[in-house]
file input25.csv (CSV, C-alpha atoms)
chain,number,residue,atom,x,y,z
A,1,MET,CA,0.0,0.0,0.0
A,2,ALA,CA,2.8,2.4,0.8
A,3,ARG,CA,4.3,1.9,-2.7
A,4,ARG,CA,0.9,2.7,-4.2
A,5,LEU,CA,0.3,5.9,-2.2
A,6,PRO,CA,2.3,8.2,-4.5
A,7,ILE,CA,0.3,6.9,-7.4
A,8,ILE,CA,-3.0,7.5,-5.7
A,9,LEU,CA,-2.0,11.0,-4.7
A,10,LEU,CA,-0.9,11.8,-8.3
A,11,ILE,CA,-4.2,10.5,-9.6
A,12,TRP,CA,-6.1,12.5,-7.0
A,13,LEU,CA,-4.2,15.7,-7.8
A,14,GLY,CA,-4.5,15.1,-11.6
A,15,ALA,CA,-8.3,14.7,-11.3
A,16,ASP,CA,-8.6,17.8,-9.2
A,17,LEU,CA,-6.6,19.9,-11.7
A,18,TYR,CA,-8.6,18.6,-14.6
A,19,PHE,CA,-12.0,19.0,-12.9
A,20,TYR,CA,-11.1,22.5,-11.8
A,21,GLN,CA,-11.1,23.5,-15.5
A,22,ALA,CA,-14.8,22.8,-15.7
A,23,VAL,CA,-15.4,24.7,-12.5
A,24,GLN,CA,-13.4,27.7,-13.8
A,25,THR,CA,-15.2,27.7,-17.1
A,26,LEU,CA,-18.6,28.1,-15.4
A,27,TYR,CA,-17.6,30.2,-12.3
A,28,SER,CA,-14.9,32.8,-11.9
A,29,SER,CA,-15.1,33.3,-8.1
A,30,THR,CA,-11.9,33.7,-6.0
A,31,THR,CA,-13.8,32.6,-2.9
A,32,LEU,CA,-15.0,29.4,-4.7
A,33,SER,CA,-11.4,28.7,-5.8
A,34,TRP,CA,-10.1,29.0,-2.3
A,35,TRP,CA,-12.7,26.6,-1.0
A,36,TYR,CA,-12.1,24.2,-3.9
A,37,TRP,CA,-8.4,23.9,-3.1
A,38,LEU,CA,-8.8,23.9,0.7
A,39,ILE,CA,-10.9,20.7,0.8
A,40,ASP,CA,-8.2,18.2,-0.1
A,41,PRO,CA,-5.5,19.5,2.4
A,42,LEU,CA,-8.1,19.3,5.1
A,43,ILE,CA,-9.0,15.7,4.3
A,44,MET,CA,-5.4,14.7,4.0
A,45,SER,CA,-4.6,16.4,7.3
A,46,GLY,CA,-7.3,14.4,9.0
A,47,LEU,CA,-6.0,11.1,7.5
A,48,ILE,CA,-2.5,11.9,8.6
A,49,ALA,CA,-3.7,12.8,12.1
A,50,ALA,CA,-5.5,9.4,12.3
A,51,ILE,CA,-2.1,7.7,11.8
A,52,PHE,CA,-0.7,9.2,15.0
A,53,ILE,CA,-3.7,8.5,17.2
A,54,ARG,CA,-3.4,5.4,19.4
A,55,ARG,CA,-3.8,2.4,17.1
A,56,GLY,CA,-7.2,0.7,17.4
A,57,SER,CA,-8.7,3.4,19.6
A,58,ARG,CA,-12.3,4.4,19.2
A,59,LEU,CA,-11.1,8.0,18.3
A,60,GLN,CA,-8.9,6.6,15.5
A,61,GLN,CA,-11.7,4.4,14.1
A,62,HIS,CA,-14.1,7.3,14.1
A,63,LEU,CA,-11.7,9.7,12.5
A,64,ILE,CA,-10.7,7.2,9.8
A,65,THR,CA,-14.4,6.6,9.1
A,66,TRP,CA,-15.2,10.3,8.6
A,67,MET,CA,-12.1,11.0,6.6
A,68,MET,CA,-12.7,8.0,4.3
A,69,GLY,CA,-16.2,9.2,3.7
A,70,LEU,CA,-15.2,12.7,2.9
A,71,MET,CA,-12.4,11.6,0.7
A,72,LEU,CA,-14.7,9.5,-1.4
A,73,LEU,CA,-17.3,12.3,-1.6
A,74,ALA,CA,-14.6,14.7,-2.8
A,75,PHE,CA,-12.6,12.3,-5.0
A,76,VAL,CA,-14.9,9.9,-6.8
A,77,PRO,CA,-17.2,12.5,-8.5
A,78,ARG,CA,-14.2,14.4,-9.9
A,79,LEU,CA,-12.3,11.3,-11.0
A,80,PHE,CA,-15.2,9.6,-12.9
A,81,SER,CA,-16.5,12.8,-14.5
A,82,VAL,CA,-13.2,14.1,-16.0
A,83,PRO,CA,-13.4,11.6,-19.0
A,84,VAL,CA,-16.0,14.0,-20.4
A,85,LEU,CA,-13.3,16.7,-20.5
A,86,TRP,CA,-10.9,14.2,-22.0
A,87,VAL,CA,-13.3,13.6,-24.9
A,88,GLU,CA,-13.6,17.3,-25.4
A,89,ASP,CA,-9.8,17.8,-25.4
A,90,ILE,CA,-9.5,15.2,-28.2
A,91,THR,CA,-11.8,17.3,-30.4
A,92,ARG,CA,-10.1,20.5,-29.2
A,93,LEU,CA,-6.8,19.1,-30.4
A,94,PHE,CA,-8.0,19.2,-34.0
A,95,ARG,CA,-9.6,22.6,-33.6
A,96,GLY,CA,-6.5,24.5,-32.3
A,97,PHE,CA,-7.5,24.3,-28.6
A,98,PRO,CA,-10.3,26.9,-28.4
A,99,PRO,CA,-11.8,27.7,-25.0
A,100,ARG,CA,-13.8,25.0,-23.3
A,101,ALA,CA,-17.4,24.8,-24.2
A,102,VAL,CA,-19.7,25.9,-21.4
A,103,TRP,CA,-22.2,23.1,-22.1
A,104,VAL,CA,-19.4,20.4,-21.8
A,105,SER,CA,-18.3,21.9,-18.5
A,106,GLY,CA,-21.9,21.9,-17.4
A,107,LEU,CA,-22.3,18.3,-18.3
A,108,THR,CA,-19.2,17.4,-16.4
A,109,LEU,CA,-20.4,19.1,-13.2
A,110,GLY,CA,-23.9,17.5,-13.7
A,111,LEU,CA,-22.3,14.1,-13.8
A,112,ALA,CA,-20.2,14.9,-10.8
A,113,ALA,CA,-23.3,15.9,-8.9
A,114,LEU,CA,-25.0,12.6,-9.8
A,115,LEU,CA,-22.0,10.7,-8.6
A,116,PHE,CA,-21.8,12.7,-5.4
A,117,PHE,CA,-25.3,11.7,-4.5
A,118,LEU,CA,-24.6,8.0,-5.4
A,119,VAL,CA,-21.6,8.1,-3.1
A,120,LEU,CA,-23.6,9.8,-0.4
A,121,PHE,CA,-26.3,7.1,-0.7
A,122,GLY,CA,-23.6,4.4,-0.3
A,123,ILE,CA,-22.2,6.1,2.8
A,124,THR,CA,-25.5,6.7,4.5
A,125,ARG,CA,-27.6,3.7,3.3
A,126,GLY,CA,-25.3,1.3,1.5
A,127,ARG,CA,-24.1,-0.5,4.6
A,128,HIS,CA,-27.5,-2.3,4.8
A,129,PHE,CA,-28.4,-2.5,1.1
A,130,TYR,CA,-28.2,-6.3,1.2
A,131,ARG,CA,-28.2,-8.5,-1.9
A,132,VAL,CA,-28.8,-12.2,-2.1
A,133,ARG,CA,-26.5,-13.7,-4.7
A,134,ARG,CA,-27.1,-17.2,-6.0
A,135,ALA,CA,-24.8,-19.6,-7.7
A,136,THR,CA,-25.5,-23.2,-8.8
A,137,ILE,CA,-22.5,-25.4,-9.3
A,138,HIS,CA,-22.4,-28.8,-10.9
A,139,PHE,CA,-20.1,-31.6,-9.8
A,140,PRO,CA,-20.0,-35.1,-11.4
A,141,ASP,CA,-18.9,-36.7,-8.2
A,142,LEU,CA,-21.3,-35.1,-5.7
A,143,PRO,CA,-22.9,-37.8,-3.6
A,144,ALA,CA,-26.4,-38.4,-4.9
A,145,ALA,CA,-28.1,-37.5,-1.6
A,146,PHE,CA,-26.6,-34.1,-1.7
A,147,ASP,CA,-28.0,-33.2,-5.2
A,148,GLY,CA,-29.7,-29.8,-4.5
A,149,PHE,CA,-27.9,-29.3,-1.2
A,150,THR,CA,-27.9,-25.5,-0.4
A,151,ILE,CA,-25.4,-23.4,1.5
A,152,THR,CA,-25.9,-19.9,2.8
A,153,GLN,CA,-22.6,-18.2,3.2
A,154,ILE,CA,-21.9,-15.0,5.0
A,155,SER,CA,-18.6,-13.4,5.7
A,156,ASP,CA,-16.9,-10.4,7.3
A,157,VAL,CA,-19.5,-9.4,9.8
A,158,HIS,CA,-17.2,-6.9,11.6
A,159,SER,CA,-19.7,-6.4,14.4
A,160,GLY,CA,-17.6,-3.6,16.0
A,161,SER,CA,-18.7,-1.4,13.1
A,162,PHE,CA,-22.4,-1.9,13.6
A,163,THR,CA,-24.7,0.8,15.0
A,164,ASN,CA,-28.0,0.2,13.4
A,165,ALA,CA,-29.7,-2.8,15.1
A,166,ALA,CA,-32.7,-2.7,12.7
A,167,GLY,CA,-30.5,-2.8,9.7
A,168,VAL,CA,-28.5,-5.7,11.0
A,169,GLN,CA,-31.6,-7.6,11.9
A,170,LYS,CA,-33.0,-7.3,8.3
A,171,GLY,CA,-29.8,-8.8,7.0
A,172,LEU,CA,-30.0,-11.7,9.5
A,173,ASP,CA,-33.7,-12.2,8.6
A,174,LEU,CA,-32.6,-12.4,5.0
A,175,VAL,CA,-30.2,-15.2,5.9
A,176,ASN,CA,-32.9,-17.2,7.6
A,177,ALA,CA,-35.3,-16.6,4.8
A,178,GLN,CA,-33.1,-18.6,2.4
A,179,GLN,CA,-33.8,-21.8,4.4
A,180,SER,CA,-30.5,-23.4,3.4
A,181,ASP,CA,-29.3,-26.8,4.6
A,182,VAL,CA,-26.3,-25.2,6.3
A,183,ILE,CA,-25.0,-21.7,7.1
A,184,LEU,CA,-21.3,-21.2,6.7
A,185,PHE,CA,-19.5,-18.1,8.1
A,186,THR,CA,-16.0,-17.4,6.7
A,187,GLY,CA,-14.4,-15.2,9.2
A,188,ASP,CA,-13.9,-11.7,10.7
A,189,LEU,CA,-16.7,-11.7,13.2
A,190,VAL,CA,-15.2,-8.7,14.9
A,191,ASN,CA,-12.8,-5.8,14.1
A,192,ASN,CA,-10.4,-6.4,17.0
A,193,LYS,CA,-12.1,-7.5,20.3
A,194,ALA,CA,-14.5,-10.3,21.3
A,195,SER,CA,-16.5,-7.8,23.3
A,196,GLU,CA,-17.7,-6.1,20.1
A,197,MET,CA,-20.1,-9.0,19.7
A,198,ASP,CA,-21.7,-8.7,23.2
A,199,ARG,CA,-24.7,-6.7,22.0
A,200,TRP,CA,-25.2,-8.9,18.9
A,201,ILE,CA,-25.0,-12.4,20.4
A,202,ALA,CA,-28.8,-12.8,20.8
A,203,ALA,CA,-29.4,-11.6,17.2
A,204,PHE,CA,-26.9,-13.9,15.6
A,205,ALA,CA,-28.0,-16.8,17.7
A,206,GLN,CA,-31.4,-16.6,15.8
A,207,LEU,CA,-29.8,-17.9,12.6
A,208,LYS,CA,-31.1,-21.4,11.8
A,209,ALA,CA,-30.1,-24.2,9.5
A,210,PRO,CA,-31.3,-27.9,9.8
A,211,MET,CA,-27.8,-29.4,9.2
A,212,GLY,CA,-25.9,-26.9,11.3
A,213,LYS,CA,-23.9,-23.7,11.4
A,214,PHE,CA,-20.1,-23.7,10.9
A,215,SER,CA,-17.4,-21.0,11.0
A,216,VAL,CA,-13.7,-20.1,10.7
A,217,LEU,CA,-11.6,-17.2,11.9
A,218,GLY,CA,-10.5,-14.3,9.8
A,219,ASN,CA,-7.5,-12.1,10.1
A,220,HIS,CA,-9.2,-9.5,12.3
A,221,ASP,CA,-10.4,-12.1,14.8
A,222,TYR,CA,-6.9,-12.7,16.3
A,223,GLY,CA,-6.6,-9.2,17.7
A,224,ASP,CA,-3.4,-8.6,15.7
A,225,TYR,CA,-4.2,-5.0,14.8
A,226,ILE,CA,-4.4,-3.3,18.3
A,227,HIS,CA,-2.0,-3.0,21.2
A,228,TRP,CA,-2.6,-5.4,24.1
A,229,GLU,CA,-1.2,-4.8,27.6
A,230,THR,CA,0.1,-8.4,27.8
A,231,PRO,CA,0.3,-11.5,25.6
A,232,GLU,CA,-2.1,-13.2,28.0
A,233,ALA,CA,-4.7,-10.5,27.4
A,234,LYS,CA,-4.6,-11.1,23.7
A,235,GLN,CA,-4.9,-14.8,24.2
A,236,ASP,CA,-7.8,-14.4,26.6
A,237,ASN,CA,-9.6,-12.3,24.0
A,238,LEU,CA,-9.1,-15.0,21.4
A,239,SER,CA,-10.4,-17.6,23.8
A,240,ARG,CA,-13.4,-15.4,24.5
A,241,LEU,CA,-14.1,-15.0,20.8
A,242,ARG,CA,-14.1,-18.8,20.3
A,243,GLN,CA,-16.7,-19.0,23.0
A,244,VAL,CA,-18.8,-16.3,21.2
A,245,HIS,CA,-18.9,-18.6,18.2
A,246,ALA,CA,-20.4,-21.3,20.4
A,247,ASP,CA,-22.7,-18.8,22.0
A,248,ILE,CA,-24.3,-17.9,18.7
A,249,GLY,CA,-24.5,-21.6,17.7
A,250,PHE,CA,-21.7,-21.9,15.3
A,251,ARG,CA,-19.2,-24.8,15.3
A,252,LEU,CA,-15.8,-23.2,14.9
A,253,LEU,CA,-13.4,-25.2,12.7
A,254,ARG,CA,-9.7,-24.7,13.4
A,255,ASP,CA,-7.7,-26.7,10.9
A,256,GLU,CA,-10.1,-29.6,11.2
A,257,ALA,CA,-12.8,-31.5,9.2
A,258,ILE,CA,-16.2,-32.8,10.0
A,259,SER,CA,-18.6,-34.9,8.0
A,260,LEU,CA,-22.2,-34.0,7.0
A,261,HIS,CA,-24.4,-37.0,6.6
A,262,LYS,CA,-27.6,-37.4,4.5
A,263,ASP,CA,-29.5,-40.6,3.5
A,264,GLY,CA,-26.4,-42.8,3.8
A,265,HIS,CA,-24.1,-40.4,2.0
A,266,SER,CA,-21.6,-37.8,3.3
A,267,ILE,CA,-19.6,-34.8,2.3
A,268,THR,CA,-16.6,-33.3,4.2
A,269,LEU,CA,-16.5,-29.8,5.5
A,270,LEU,CA,-13.1,-28.4,6.2
A,271,GLY,CA,-12.2,-25.2,8.1
A,272,VAL,CA,-8.7,-23.6,8.4
A,273,GLU,CA,-7.3,-20.8,10.5
A,274,ASN,CA,-6.6,-17.6,8.5
A,275,TRP,CA,-3.9,-17.8,5.8
A,276,GLY,CA,-3.1,-14.8,3.7
A,277,LYS,CA,-0.5,-13.7,1.2
A,278,GLY,CA,1.9,-10.8,1.8
A,279,GLY,CA,2.0,-9.5,5.3
A,280,PHE,CA,-0.9,-11.5,6.6
A,281,HIS,CA,-0.3,-14.3,9.0
A,282,LYS,CA,-0.3,-17.8,7.7
A,283,TYR,CA,-1.9,-19.6,10.6
A,284,GLY,CA,-3.9,-22.1,8.5
A,285,ASP,CA,-2.7,-25.7,8.0
A,286,LEU,CA,-4.6,-27.5,5.3
A,287,LYS,CA,-2.6,-30.6,5.7
A,288,LYS,CA,-3.7,-30.8,9.3
A,289,ALA,CA,-7.3,-30.2,8.3
A,290,THR,CA,-7.3,-33.0,5.7
A,291,ALA,CA,-5.4,-35.5,7.8
A,292,GLY,CA,-7.5,-38.7,7.9
A,293,VAL,CA,-10.0,-37.4,5.3
A,294,PRO,CA,-10.4,-40.0,2.5
A,295,ASP,CA,-9.0,-38.8,-0.9
A,296,LYS,CA,-12.3,-39.5,-2.7
A,297,ALA,CA,-14.4,-37.6,-0.2
A,298,PHE,CA,-16.3,-34.6,-1.6
A,299,LYS,CA,-14.8,-31.6,0.1
A,300,ILE,CA,-15.9,-28.0,0.9
A,301,LEU,CA,-13.2,-25.8,2.4
A,302,MET,CA,-13.9,-22.6,4.5
A,303,SER,CA,-10.8,-20.4,4.3
A,304,HIS,CA,-11.1,-16.7,5.0
A,305,ASP,CA,-8.6,-15.2,2.6
A,306,PRO,CA,-9.0,-16.0,-1.1
A,307,SER,CA,-5.3,-15.9,-1.7
A,308,HIS,CA,-5.1,-19.2,0.1
A,309,TRP,CA,-6.8,-20.8,-2.9
A,310,GLU,CA,-4.0,-20.2,-5.4
A,311,GLY,CA,-1.3,-20.1,-2.7
A,312,VAL,CA,-2.0,-23.5,-1.2
A,313,THR,CA,-5.4,-25.2,-2.0
A,314,LEU,CA,-5.0,-25.7,-5.7
A,315,ASP,CA,-1.7,-27.5,-5.2
A,316,HIS,CA,-2.8,-29.6,-2.3
A,317,HIS,CA,-2.5,-33.3,-2.8
A,318,GLN,CA,-6.2,-33.8,-2.1
A,319,HIS,CA,-8.9,-32.6,-4.4
A,320,ILE,CA,-10.8,-29.7,-2.8
A,321,HIS,CA,-14.0,-29.3,-4.8
A,322,LEU,CA,-15.2,-25.9,-3.5
A,323,THR,CA,-13.5,-23.2,-1.4
A,324,LEU,CA,-15.5,-20.5,0.3
A,325,SER,CA,-13.7,-17.2,1.2
A,326,GLY,CA,-14.4,-13.6,2.0
A,327,HIS,CA,-11.9,-11.0,3.3
A,328,THR,CA,-11.8,-8.5,0.3
A,329,HIS,CA,-15.2,-6.8,0.9
A,330,GLY,CA,-15.0,-5.9,-2.8
A,331,MET,CA,-13.2,-3.0,-1.1
A,332,GLN,CA,-16.8,-1.7,-0.4
A,333,PHE,CA,-16.5,0.3,-3.5
A,334,GLY,CA,-16.9,-0.5,-7.2
A,335,ILE,CA,-19.2,-1.4,-10.0
A,336,ASP,CA,-21.1,-4.6,-9.9
A,337,LEU,CA,-23.9,-4.6,-12.5
A,338,PHE,CA,-25.2,-6.9,-15.2
A,339,GLY,CA,-22.3,-9.3,-14.9
A,340,PHE,CA,-19.6,-6.5,-15.0
A,341,LYS,CA,-17.4,-6.2,-12.0
A,342,TRP,CA,-14.8,-3.6,-11.2
A,343,SER,CA,-13.2,-2.5,-8.0
A,344,PRO,CA,-9.7,-1.2,-7.1
A,345,VAL,CA,-9.2,-4.3,-4.9
A,346,GLN,CA,-8.8,-6.4,-8.1
A,347,TYR,CA,-5.4,-4.9,-8.5
A,348,VAL,CA,-4.4,-6.5,-5.2
A,349,TYR,CA,-6.4,-9.8,-5.3
A,350,LYS,CA,-6.8,-11.9,-8.4
A,351,GLN,CA,-9.9,-13.5,-6.9
A,352,TRP,CA,-12.0,-10.9,-5.1
A,353,ALA,CA,-15.7,-11.3,-5.6
A,354,GLY,CA,-18.0,-14.0,-6.9
A,355,LEU,CA,-17.3,-17.4,-8.4
A,356,TYR,CA,-13.9,-18.6,-9.9
A,357,ARG,CA,-12.9,-21.9,-11.5
A,358,GLN,CA,-9.7,-23.6,-12.3
A,359,LYS,CA,-10.4,-26.9,-14.1
A,360,ASP,CA,-12.8,-28.8,-11.7
A,361,ARG,CA,-12.0,-26.7,-8.6
A,362,PHE,CA,-14.1,-23.8,-7.6
A,363,LEU,CA,-13.7,-20.7,-5.3
A,364,TYR,CA,-16.5,-18.4,-4.2
A,365,VAL,CA,-15.5,-15.0,-2.7
A,366,ASN,CA,-18.2,-13.4,-0.6
A,367,ARG,CA,-18.4,-9.6,-0.7
A,368,GLY,CA,-19.1,-9.5,3.0
A,369,PHE,CA,-22.1,-8.9,5.3
A,370,GLY,CA,-20.6,-6.0,7.3
A,371,PHE,CA,-18.2,-3.1,6.7
A,372,LEU,CA,-14.9,-1.8,8.1
A,373,GLY,CA,-13.2,1.6,8.0
A,374,LEU,CA,-15.7,3.2,5.6
A,375,LYS,CA,-19.2,3.0,7.3
A,376,GLY,CA,-20.9,2.3,4.0
A,377,ARG,CA,-20.7,0.5,0.7
A,378,ILE,CA,-20.7,2.1,-2.7
A,379,GLY,CA,-21.8,-0.1,-5.6
A,380,MET,CA,-20.3,-3.2,-3.8
A,381,TRP,CA,-23.3,-4.0,-1.6
A,382,PRO,CA,-23.3,-6.4,1.4
A,383,GLU,CA,-23.9,-10.0,0.4
A,384,VAL,CA,-25.8,-13.1,1.5
A,385,ALA,CA,-24.6,-15.9,-0.8
A,386,VAL,CA,-26.7,-19.0,-1.6
A,387,ILE,CA,-24.9,-21.8,-3.3
A,388,THR,CA,-26.7,-24.8,-4.6
A,389,LEU,CA,-24.7,-28.0,-5.3
A,390,ARG,CA,-26.0,-30.2,-8.2
A,391,ARG,CA,-24.8,-33.7,-9.3
A,392,HIS,CA,-24.2,-33.5,-13.0
A,393,PRO,CA,-21.3,-34.0,-15.4
A,394,PHE,CA,-20.1,-30.8,-16.8
A,395,PRO,CA,-18.2,-30.0,-20.1
A,396,ARG,CA,-14.8,-28.6,-19.4
A,397,GLU,CA,-15.1,-25.8,-21.9
A,398,ARG,CA,-18.0,-24.2,-20.0
A,399,LEU,CA,-18.4,-22.8,-16.5
A,400,PRO,CA,-21.1,-24.9,-15.0
A,401,ILE,CA,-22.8,-22.3,-13.0
A,402,HIS,CA,-25.8,-20.1,-12.8
A,403,ILE,CA,-25.5,-16.8,-11.0
A,404,GLY,CA,-28.3,-14.5,-10.0
A,405,SER,CA,-29.1,-11.8,-7.4
A,406,LEU,CA,-32.0,-10.3,-5.5
A,407,PRO,CA,-31.7,-6.8,-4.0
A,408,ILE,CA,-32.9,-6.3,-0.5
A,409,HIS,CA,-32.3,-3.0,1.3
A,410,SER,CA,-32.9,-1.3,4.6
A,411,GLY,CA,-32.1,2.0,6.2

call {"tool": "encode", "arguments": {"input": "input25.csv", "output": "structure tokens"}}
result
Amino acid sequence: MARRLPIILLIWLGADLYFYQAVQTLYSSTTLSWWYWLIDPLIMSGLIAAIFIRRGSRLQQHLITWMMGLMLLAFVPRLFSVPVLWVEDITRLFRGFPPRAVWVSGLTLGLAALLFFLVLFGITRGRHFYRVRRATIHFPDLPAAFDGFTITQISDVHSGSFTNAAGVQKGLDLVNAQQSDVILFTGDLVNNKASEMDRWIAAFAQLKAPMGKFSVLGNHDYGDYIHWETPEAKQDNLSRLRQVHADIGFRLLRDEAISLHKDGHSITLLGVENWGKGGFHKYGDLKKATAGVPDKAFKILMSHDPSHWEGVTLDHHQHIHLTLSGHTHGMQFGIDLFGFKWSPVQYVYKQWAGLYRQKDRFLYVNRGFGFLGLKGRIGMWPEVAVITLRRHPFPRERLPIHIGSLPIHSG
């Protein structure tokens, strides 16, 4: 991230300079110019101040949240509206660069205003603008009794960020409404501390699934991102969090496997500790989780970080049919419409949202139920994933899936 910061700042400055040409074409006010160029230094000063506040403190979290929201409101409308000016400049190049057309500058500011309100919606309402996303995956070796087996997957709750109980409850009601065979949670129940879940235990305990609820830990669950007075305090927090999983009725899998049985057939559910590329801890041990699991067993793996799939899972000596992950949140910002997906997080993670396939192995990356840092979501809405397993041979040249979504929202 540190290496990308100069590039981000250059893009930000370049967008500001370009967009200012449209403002200047329509308005020639010295006062307006001062305010225009004062906004960015104020936002950057707030972000810098947040760095020096005690790590993990409530003040730091609030300041980062506010600054990220203001940054997106200031930056996104300008950045995504300047292409209108680029198109005009292409035509001006062949016309001897006459003054900018007033109507083009007006169009640019109008587009920026529209984007401003879209971002504002995402910040104020997007955090609970839930979507149900559905995927049906075919496997030739799925045990017959599990043909039509359904999984509801949620991920990245980040309960420490929640404030709106009614909004959270609508998301949980949506999970129960799917009536899936199992509910699988793929990590990051909290931001830092187990105590963040205290007020939400009763609500999450209401989740129901006839064949059980299962979970794994995410990178935030270990308490690695705040200062602890003693190593024992950190360990006690992790122990408490494991108990919270039990309190809400989830069986926490820690580098282990269990079997799900139905009508004389079974499939294996695996869960590993967090394993991430780069600077993330590599706690997970897939070899330990699969020890004693028959090679021919049908296997579903819960692993929080999708980088584990290419980093370890695909090369594992046992065939892992389906991996379920989260972690990326889709960066809580992007475009996700009509099958088109884009988010800045794709330049960090190759697999970052939705379903992926390599030969006969699949990965589904959940966009996340909650939010972190930015208290909102812009275009990358919170997700409840419903995955249906079907027993059917599939042609290797086609992706044997069906994907759909249903929008649900709340205040």

call {"tool": "residues_around", "arguments": {"input": "input25.csv", "residues": "A:Asp285", "least_positions_apart": "4", "cutoff": "8 Å", "atoms": "all atoms listed in the file", "output": "compact mmCIF listing (two decimals) with C-alpha atoms, keeping the file's coordinate frame"}}
result
# COMPACT_ATOMS: atom_id res chain seq x y z
CA ASP A 255 -7.70 -26.70 10.90
CA VAL A 272 -8.70 -23.60 8.40
CA GLU A 273 -7.30 -20.80 10.50
CA ALA A 289 -7.30 -30.20 8.30

call {"tool": "closest_residue", "arguments": {"input": "input25.csv", "among": "A:Met331, A:Leu114, A:Leu184, A:Ile7", "to": "A:Ala385", "atoms": "all atoms listed in the file"}}
result
A:Leu184

call {"tool": "closest_residue", "arguments": {"input": "input25.csv", "among": "A:Gly160, A:Pro306, A:Gly278, A:Gly69", "to": "A:Trp200", "atoms": "all atoms listed in the file"}}
result
A:Gly160

call {"tool": "atom_distance", "arguments": {"input": "input25.csv", "atom1": "atom CA of A:Leu322", "atom2": "atom CA of A:Val386"}}
result
13.5 Å

call {"tool": "closest_residue", "arguments": {"input": "input25.csv", "among": "A:Ile48, A:Val23, A:Leu42, A:Val132", "to": "A:Leu85", "atoms": "all atoms listed in the file"}}
result
A:Val23

call {"tool": "closest_residue", "arguments": {"input": "input25.csv", "among": "A:Phe116, A:Phe298, A:Phe371, A:Phe121", "to": "A:Phe162", "atoms": "all atoms listed in the file"}}
result
A:Phe371

call {"tool": "closest_residue", "arguments": {"input": "input25.csv", "among": "A:Lys282, A:His265, A:Arg242, A:Arg78", "to": "A:Tyr20", "atoms": "all atoms listed in the file"}}
result
A:Arg78

call {"tool": "atom_distance", "arguments": {"input": "input25.csv", "atom1": "atom CA of A:Lys277", "atom2": "atom CA of A:Ser307"}}
result
6.0 Å

call {"tool": "residues_around", "arguments": {"input": "input25.csv", "residues": "A:Arg361", "least_positions_apart": "4", "cutoff": "7 Å", "atoms": "only C-alpha atoms", "output": "list in words"}}
result
Ile320, His321, Leu322 and Arg357 of chain A

call {"tool": "atom_distance", "arguments": {"input": "input25.csv", "atom1": "atom CA of A:Leu73", "atom2": "atom CA of A:Ser105"}}
result
19.5 Å

call {"tool": "closest_residue", "arguments": {"input": "input25.csv", "among": "A:Ile90, A:Leu252, A:Val82, A:Ala209", "to": "A:Ala22", "atoms": "all atoms listed in the file"}}
result
A:Val82

call {"tool": "residues_near_point", "arguments": {"input": "input25.csv", "point": "(-22.8, -37.6, -11.2)", "cutoff": "7 Å", "atoms": "all atoms listed in the file", "output": "list of chain:residue names"}}
result
A:Phe139, A:Pro140, A:Asp141, A:Leu142, A:Arg391, A:His392, A:Pro393

call {"tool": "residues_around", "arguments": {"input": "input25.csv", "residues": "A:Asn274", "least_positions_apart": "3", "cutoff": "8 Å", "atoms": "all atoms listed in the file", "output": "list of chain:residue names"}}
result
A:Val216, A:Leu217, A:Gly218, A:Asn219, A:His281, A:Lys282, A:Tyr283, A:Gly284, A:Ser303, A:His304, A:Asp305

call {"tool": "residues_near_point", "arguments": {"input": "input25.csv", "point": "(-19.5, -0.7, -3.9)", "cutoff": "7 Å", "atoms": "only C-alpha atoms", "output": "list in words"}}
result
Gly330, Gln332, Phe333, Gly334, Ile335, Arg377, Ile378, Gly379, Met380 and Trp381 of chain A

call {"tool": "residues_around", "arguments": {"input": "input25.csv", "residues": "stretch 351-353 of chain A", "least_positions_apart": "2", "cutoff": "9 Å", "atoms": "all atoms listed in the file", "output": "NGL selection string"}}
result
:A and (306-307 or 309 or 326-331 or 341 or 343 or 345-346 or 348-349 or 355-356 or 363-367)

call {"tool": "write_last_selection", "arguments": {"input": "input25.csv", "atoms": "C-alpha atoms", "output": "PDB file, keeping the file's coordinate frame"}}
result
ATOM      1  CA  PRO A 306      -9.000 -16.000  -1.100  1.00  0.00           C
ATOM      2  CA  SER A 307      -5.300 -15.900  -1.700  1.00  0.00           C
ATOM      3  CA  TRP A 309      -6.800 -20.800  -2.900  1.00  0.00           C
ATOM      4  CA  GLY A 326     -14.400 -13.600   2.000  1.00  0.00           C
ATOM      5  CA  HIS A 327     -11.900 -11.000   3.300  1.00  0.00           C
ATOM      6  CA  THR A 328     -11.800  -8.500   0.300  1.00  0.00           C
ATOM      7  CA  HIS A 329     -15.200  -6.800   0.900  1.00  0.00           C
ATOM      8  CA  GLY A 330     -15.000  -5.900  -2.800  1.00  0.00           C
ATOM      9  CA  MET A 331     -13.200  -3.000  -1.100  1.00  0.00           C
ATOM     10  CA  LYS A 341     -17.400  -6.200 -12.000  1.00  0.00           C
ATOM     11  CA  SER A 343     -13.200  -2.500  -8.000  1.00  0.00           C
ATOM     12  CA  VAL A 345      -9.200  -4.300  -4.900  1.00  0.00           C
ATOM     13  CA  GLN A 346      -8.800  -6.400  -8.100  1.00  0.00           C
ATOM     14  CA  VAL A 348      -4.400  -6.500  -5.200  1.00  0.00           C
ATOM     15  CA  TYR A 349      -6.400  -9.800  -5.300  1.00  0.00           C
ATOM     16  CA  LEU A 355     -17.300 -17.400  -8.400  1.00  0.00           C
ATOM     17  CA  TYR A 356     -13.900 -18.600  -9.900  1.00  0.00           C
ATOM     18  CA  LEU A 363     -13.700 -20.700  -5.300  1.00  0.00           C
ATOM     19  CA  TYR A 364     -16.500 -18.400  -4.200  1.00  0.00           C
ATOM     20  CA  VAL A 365     -15.500 -15.000  -2.700  1.00  0.00           C
ATOM     21  CA  ASN A 366     -18.200 -13.400  -0.600  1.00  0.00           C
ATOM     22  CA  ARG A 367     -18.400  -9.600  -0.700  1.00  0.00           C
TER      23      ARG A 367
END
